$ cat target-v3.pdb   # PDB, C-alpha atoms, pLDDT in the B column
ATOM      1  CA  MET A  20      46.741 -50.187 -25.454  1.00 57.00           C
ATOM      2  CA  LYS A  21      48.336 -47.686 -23.112  1.00 70.00           C
ATOM      3  CA  THR A  22      45.486 -46.918 -20.688  1.00 86.00           C
ATOM      4  CA  HIS A  23      41.777 -47.504 -20.285  1.00 91.00           C
ATOM      5  CA  GLU A  24      41.268 -44.067 -21.840  1.00 92.00           C
ATOM      6  CA  ASP A  25      42.406 -45.528 -25.183  1.00 92.00           C
ATOM      7  CA  LEU A  26      39.587 -48.093 -25.178  1.00 95.00           C
ATOM      8  CA  SER A  27      36.614 -47.530 -27.488  1.00 96.00           C
ATOM      9  CA  VAL A  28      34.296 -49.038 -24.873  1.00 97.00           C
ATOM     10  CA  TYR A  29      35.464 -46.464 -22.337  1.00 97.00           C
ATOM     11  CA  LYS A  30      34.911 -43.586 -24.773  1.00 97.00           C
ATOM     12  CA  LYS A  31      31.460 -44.891 -25.723  1.00 98.00           C
ATOM     13  CA  SER A  32      30.527 -45.260 -22.067  1.00 98.00           C
ATOM     14  CA  LEU A  33      31.442 -41.600 -21.480  1.00 98.00           C
ATOM     15  CA  ASP A  34      29.192 -40.666 -24.404  1.00 97.00           C
ATOM     16  CA  LEU A  35      26.420 -42.689 -22.783  1.00 97.00           C
ATOM     17  CA  VAL A  36      26.827 -40.778 -19.507  1.00 98.00           C
ATOM     18  CA  GLU A  37      26.469 -37.523 -21.389  1.00 97.00           C
ATOM     19  CA  ALA A  38      23.366 -38.772 -23.214  1.00 95.00           C
ATOM     20  CA  ILE A  39      21.734 -39.933 -19.961  1.00 96.00           C
ATOM     21  CA  TYR A  40      22.403 -36.606 -18.254  1.00 96.00           C
ATOM     22  CA  LYS A  41      20.918 -34.704 -21.196  1.00 94.00           C
ATOM     23  CA  LEU A  42      17.913 -37.013 -21.374  1.00 93.00           C
ATOM     24  CA  THR A  43      17.076 -36.872 -17.684  1.00 94.00           C
ATOM     25  CA  ARG A  44      17.166 -33.058 -17.624  1.00 94.00           C
ATOM     26  CA  ASP A  45      13.687 -33.171 -19.137  1.00 91.00           C
ATOM     27  CA  TYR A  46      12.246 -35.706 -16.668  1.00 94.00           C
ATOM     28  CA  PRO A  47       9.606 -34.513 -14.206  1.00 92.00           C
ATOM     29  CA  SER A  48      11.110 -32.916 -11.111  1.00 91.00           C
ATOM     30  CA  ASP A  49       9.413 -35.495  -8.871  1.00 92.00           C
ATOM     31  CA  GLU A  50      11.768 -38.085 -10.420  1.00 89.00           C
ATOM     32  CA  LYS A  51      14.844 -36.243  -9.077  1.00 90.00           C
ATOM     33  CA  PHE A  52      15.403 -38.837  -6.353  1.00 89.00           C
ATOM     34  CA  GLY A  53      13.947 -41.706  -8.385  1.00 93.00           C
ATOM     35  CA  LEU A  54      14.745 -42.520 -11.981  1.00 95.00           C
ATOM     36  CA  ILE A  55      16.955 -39.493 -12.602  1.00 95.00           C
ATOM     37  CA  SER A  56      19.280 -40.342  -9.736  1.00 96.00           C
ATOM     38  CA  GLN A  57      19.296 -44.083 -10.488  1.00 97.00           C
ATOM     39  CA  MET A  58      19.937 -43.668 -14.206  1.00 97.00           C
ATOM     40  CA  ARG A  59      22.718 -41.171 -13.704  1.00 97.00           C
ATOM     41  CA  ARG A  60      24.429 -43.337 -11.084  1.00 98.00           C
ATOM     42  CA  CYS A  61      24.239 -46.424 -13.295  1.00 98.00           C
ATOM     43  CA  ALA A  62      25.582 -44.536 -16.303  1.00 98.00           C
ATOM     44  CA  VAL A  63      28.471 -43.034 -14.333  1.00 98.00           C
ATOM     45  CA  SER A  64      29.250 -46.446 -12.873  1.00 98.00           C
ATOM     46  CA  VAL A  65      30.120 -47.898 -16.289  1.00 98.00           C
ATOM     47  CA  PRO A  66      33.214 -45.810 -17.173  1.00 98.00           C
ATOM     48  CA  SER A  67      34.106 -45.479 -13.491  1.00 98.00           C
ATOM     49  CA  ASN A  68      34.386 -49.236 -13.063  1.00 97.00           C
ATOM     50  CA  ILE A  69      36.312 -49.608 -16.309  1.00 97.00           C
ATOM     51  CA  SER A  70      38.738 -47.020 -14.983  1.00 97.00           C
ATOM     52  CA  GLU A  71      38.954 -48.593 -11.541  1.00 96.00           C
ATOM     53  CA  GLY A  72      39.543 -52.042 -13.002  1.00 95.00           C
ATOM     54  CA  PHE A  73      42.448 -50.826 -15.082  1.00 93.00           C
ATOM     55  CA  GLY A  74      43.880 -49.181 -11.980  1.00 92.00           C
ATOM     56  CA  ARG A  75      44.215 -52.613 -10.384  1.00 91.00           C
ATOM     57  CA  LYS A  76      47.178 -54.956 -10.670  1.00 83.00           C
ATOM     58  CA  SER A  77      45.790 -58.140 -12.151  1.00 91.00           C
ATOM     59  CA  LYS A  78      43.710 -59.130 -15.151  1.00 93.00           C
ATOM     60  CA  LYS A  79      41.364 -60.962 -12.789  1.00 94.00           C
ATOM     61  CA  GLU A  80      40.615 -57.696 -10.978  1.00 95.00           C
ATOM     62  CA  ILE A  81      40.130 -55.827 -14.248  1.00 95.00           C
ATOM     63  CA  VAL A  82      37.652 -58.463 -15.402  1.00 96.00           C
ATOM     64  CA  GLN A  83      35.777 -58.241 -12.087  1.00 97.00           C
ATOM     65  CA  PHE A  84      35.263 -54.504 -12.545  1.00 97.00           C
ATOM     66  CA  LEU A  85      34.249 -54.971 -16.181  1.00 97.00           C
ATOM     67  CA  TYR A  86      31.528 -57.353 -14.975  1.00 98.00           C
ATOM     68  CA  ILE A  87      30.368 -54.669 -12.541  1.00 98.00           C
ATOM     69  CA  SER A  88      30.172 -52.240 -15.480  1.00 98.00           C
ATOM     70  CA  SER A  89      28.086 -54.791 -17.341  1.00 98.00           C
ATOM     71  CA  GLY A  90      25.728 -55.087 -14.388  1.00 98.00           C
ATOM     72  CA  SER A  91      25.301 -51.318 -14.332  1.00 98.00           C
ATOM     73  CA  LEU A  92      24.443 -51.404 -18.030  1.00 98.00           C
ATOM     74  CA  SER A  93      21.768 -54.026 -17.346  1.00 98.00           C
ATOM     75  CA  GLU A  94      20.250 -51.837 -14.637  1.00 98.00           C
ATOM     76  CA  LEU A  95      20.361 -48.810 -16.917  1.00 97.00           C
ATOM     77  CA  LYS A  96      18.665 -50.704 -19.738  1.00 96.00           C
ATOM     78  CA  THR A  97      15.817 -51.611 -17.383  1.00 96.00           C
ATOM     79  CA  GLN A  98      15.501 -47.995 -16.258  1.00 96.00           C
ATOM     80  CA  VAL A  99      15.357 -46.797 -19.871  1.00 95.00           C
ATOM     81  CA  GLU A 100      12.617 -49.372 -20.538  1.00 94.00           C
ATOM     82  CA  ILE A 101      10.696 -48.104 -17.499  1.00 94.00           C
ATOM     83  CA  SER A 102      11.175 -44.552 -18.753  1.00 94.00           C
ATOM     84  CA  LYS A 103       9.727 -45.552 -22.116  1.00 93.00           C
ATOM     85  CA  ARG A 104       6.684 -47.114 -20.437  1.00 93.00           C
ATOM     86  CA  LEU A 105       6.153 -43.951 -18.410  1.00 93.00           C
ATOM     87  CA  GLY A 106       6.408 -41.794 -21.529  1.00 92.00           C
ATOM     88  CA  PHE A 107       9.655 -40.044 -20.596  1.00 91.00           C
ATOM     89  CA  VAL A 108      11.586 -41.557 -23.533  1.00 89.00           C
ATOM     90  CA  SER A 109      10.267 -42.033 -27.048  1.00 84.00           C
ATOM     91  CA  ASN A 110      13.185 -43.511 -28.995  1.00 74.00           C
ATOM     92  CA  SER A 111      15.151 -46.669 -28.439  1.00 75.00           C
ATOM     93  CA  SER A 112      18.578 -45.468 -29.588  1.00 88.00           C
ATOM     94  CA  LEU A 113      19.780 -45.589 -25.983  1.00 92.00           C
ATOM     95  CA  ILE A 114      18.931 -49.287 -25.798  1.00 93.00           C
ATOM     96  CA  VAL A 115      20.978 -49.880 -28.950  1.00 94.00           C
ATOM     97  CA  ASN A 116      23.912 -47.950 -27.432  1.00 95.00           C
ATOM     98  CA  ILE A 117      23.667 -49.857 -24.159  1.00 97.00           C
ATOM     99  CA  ASP A 118      23.612 -53.194 -25.981  1.00 97.00           C
ATOM    100  CA  GLU A 119      26.591 -52.170 -28.117  1.00 98.00           C
ATOM    101  CA  ILE A 120      28.649 -51.151 -25.085  1.00 98.00           C
ATOM    102  CA  LYS A 121      27.746 -54.413 -23.343  1.00 98.00           C
ATOM    103  CA  LYS A 122      28.966 -56.416 -26.355  1.00 98.00           C
ATOM    104  CA  MET A 123      32.180 -54.430 -26.367  1.00 97.00           C
ATOM    105  CA  LEU A 124      32.677 -55.099 -22.653  1.00 97.00           C
ATOM    106  CA  PHE A 125      32.219 -58.836 -23.128  1.00 97.00           C
ATOM    107  CA  GLY A 126      34.658 -58.769 -26.041  1.00 97.00           C
ATOM    108  CA  LEU A 127      37.212 -57.071 -23.801  1.00 95.00           C
ATOM    109  CA  ILE A 128      36.556 -59.546 -20.988  1.00 96.00           C
ATOM    110  CA  LYS A 129      37.031 -62.448 -23.402  1.00 96.00           C
ATOM    111  CA  SER A 130      40.331 -61.034 -24.666  1.00 94.00           C
ATOM    112  CA  LEU A 131      41.602 -60.461 -21.120  1.00 92.00           C
ATOM    113  CA  LYS A 132      40.712 -64.003 -20.066  1.00 92.00           C
ATOM    114  CA  GLN A 133      42.807 -65.540 -22.878  1.00 89.00           C
TER     115      GLN A 133
END

$ encode --input "target-v3.pdb" --output "structure tokens"
Amino acid sequence: MKTHEDLSVYKKSLDLVEAIYKLTRDYPSDEKFGLISQMRRCAVSVPSNISEGFGRKSKKEIVQFLYISSGSLSELKTQVEISKRLGFVSNSSLIVNIDEIKKMLFGLIKSLKQ
């Protein structure tokens, strides 16, 4: 591994950001400062924290930022569930993607801790 940009989890998290931005384009305009803003911030936080972690000096710091990414994924999953309940989202493929990225993050954390 040369940089964080080589990581599959980083690439998948960028794909997730794109999917969230496309999805929230169709949300009601009164959600601009509610779910739209929250979901976009959470999604952007995932690859951003992966990147920031790998910009640090120690494995401990990298792991800390990977945990922050995981927390953002948990928030995002809740927001997608809320969106489903409100009728803004009909499929659950985003939940599957979020869960997959979270598993990948924990795999990376485990490998860094060894």

$ resolve_selection --input "target-v3.pdb" --expression "the PyMOL selection byres ((chain A and resi 71-73) around 8)" --output "list in words"
Thr22, His23, Ser67, Asn68, Ile69, Ser70, Gly74, Arg75, Lys76, Glu80, Ile81, Val82, Gln83, Phe84 and Leu85 of chain A

$ write_last_selection --input "target-v3.pdb" --atoms "C-alpha atoms" --output "compact mmCIF listing (two decimals), in the frame of the given file"
# COMPACT_ATOMS: atom_id res chain seq x y z
CA THR A 22 45.49 -46.92 -20.69
CA HIS A 23 41.78 -47.50 -20.28
CA SER A 67 34.11 -45.48 -13.49
CA ASN A 68 34.39 -49.24 -13.06
CA ILE A 69 36.31 -49.61 -16.31
CA SER A 70 38.74 -47.02 -14.98
CA GLY A 74 43.88 -49.18 -11.98
CA ARG A 75 44.22 -52.61 -10.38
CA LYS A 76 47.18 -54.96 -10.67
CA GLU A 80 40.62 -57.70 -10.98
CA ILE A 81 40.13 -55.83 -14.25
CA VAL A 82 37.65 -58.46 -15.40
CA GLN A 83 35.78 -58.24 -12.09
CA PHE A 84 35.26 -54.50 -12.54
CA LEU A 85 34.25 -54.97 -16.18

$ closest_residue --input "target-v3.pdb" --among "A:Leu105, A:Leu42, A:Ile87, A:Leu131" --to "Pro66 (chain A)" --atoms "all atoms listed in the file"
A:Ile87

$ atom_distance --input "target-v3.pdb" --atom1 "CA of Val36 (chain A)" --atom2 "CA of Phe125 (chain A)"
19.2 Å

$ atom_distance --input "target-v3.pdb" --atom1 "CA of Val65 (chain A)" --atom2 "CA of Ser89 (chain A)"
7.3 Å

$ atom_distance --input "target-v3.pdb" --atom1 "CA of Ala62 (chain A)" --atom2 "CA of Asp118 (chain A)"
13.1 Å

$ axis_aligned_box --input "target-v3.pdb" --around "region 110-121 of chain A" --padding-each-side "3 Å" --output "JSON"
{"center_x": 20.9, "center_y": -49.0, "center_z": -26.5, "size_x": 21.5, "size_y": 16.9, "size_z": 12.2}

$ resolve_selection --input "target-v3.pdb" --expression "the PyMOL selection byres ((chain A and resi 91-103) around 12)" --output "PyMOL selection string"
chain A and resi 32+35-36+38-39+42-43+45-47+50+53-69+84-90+104-125
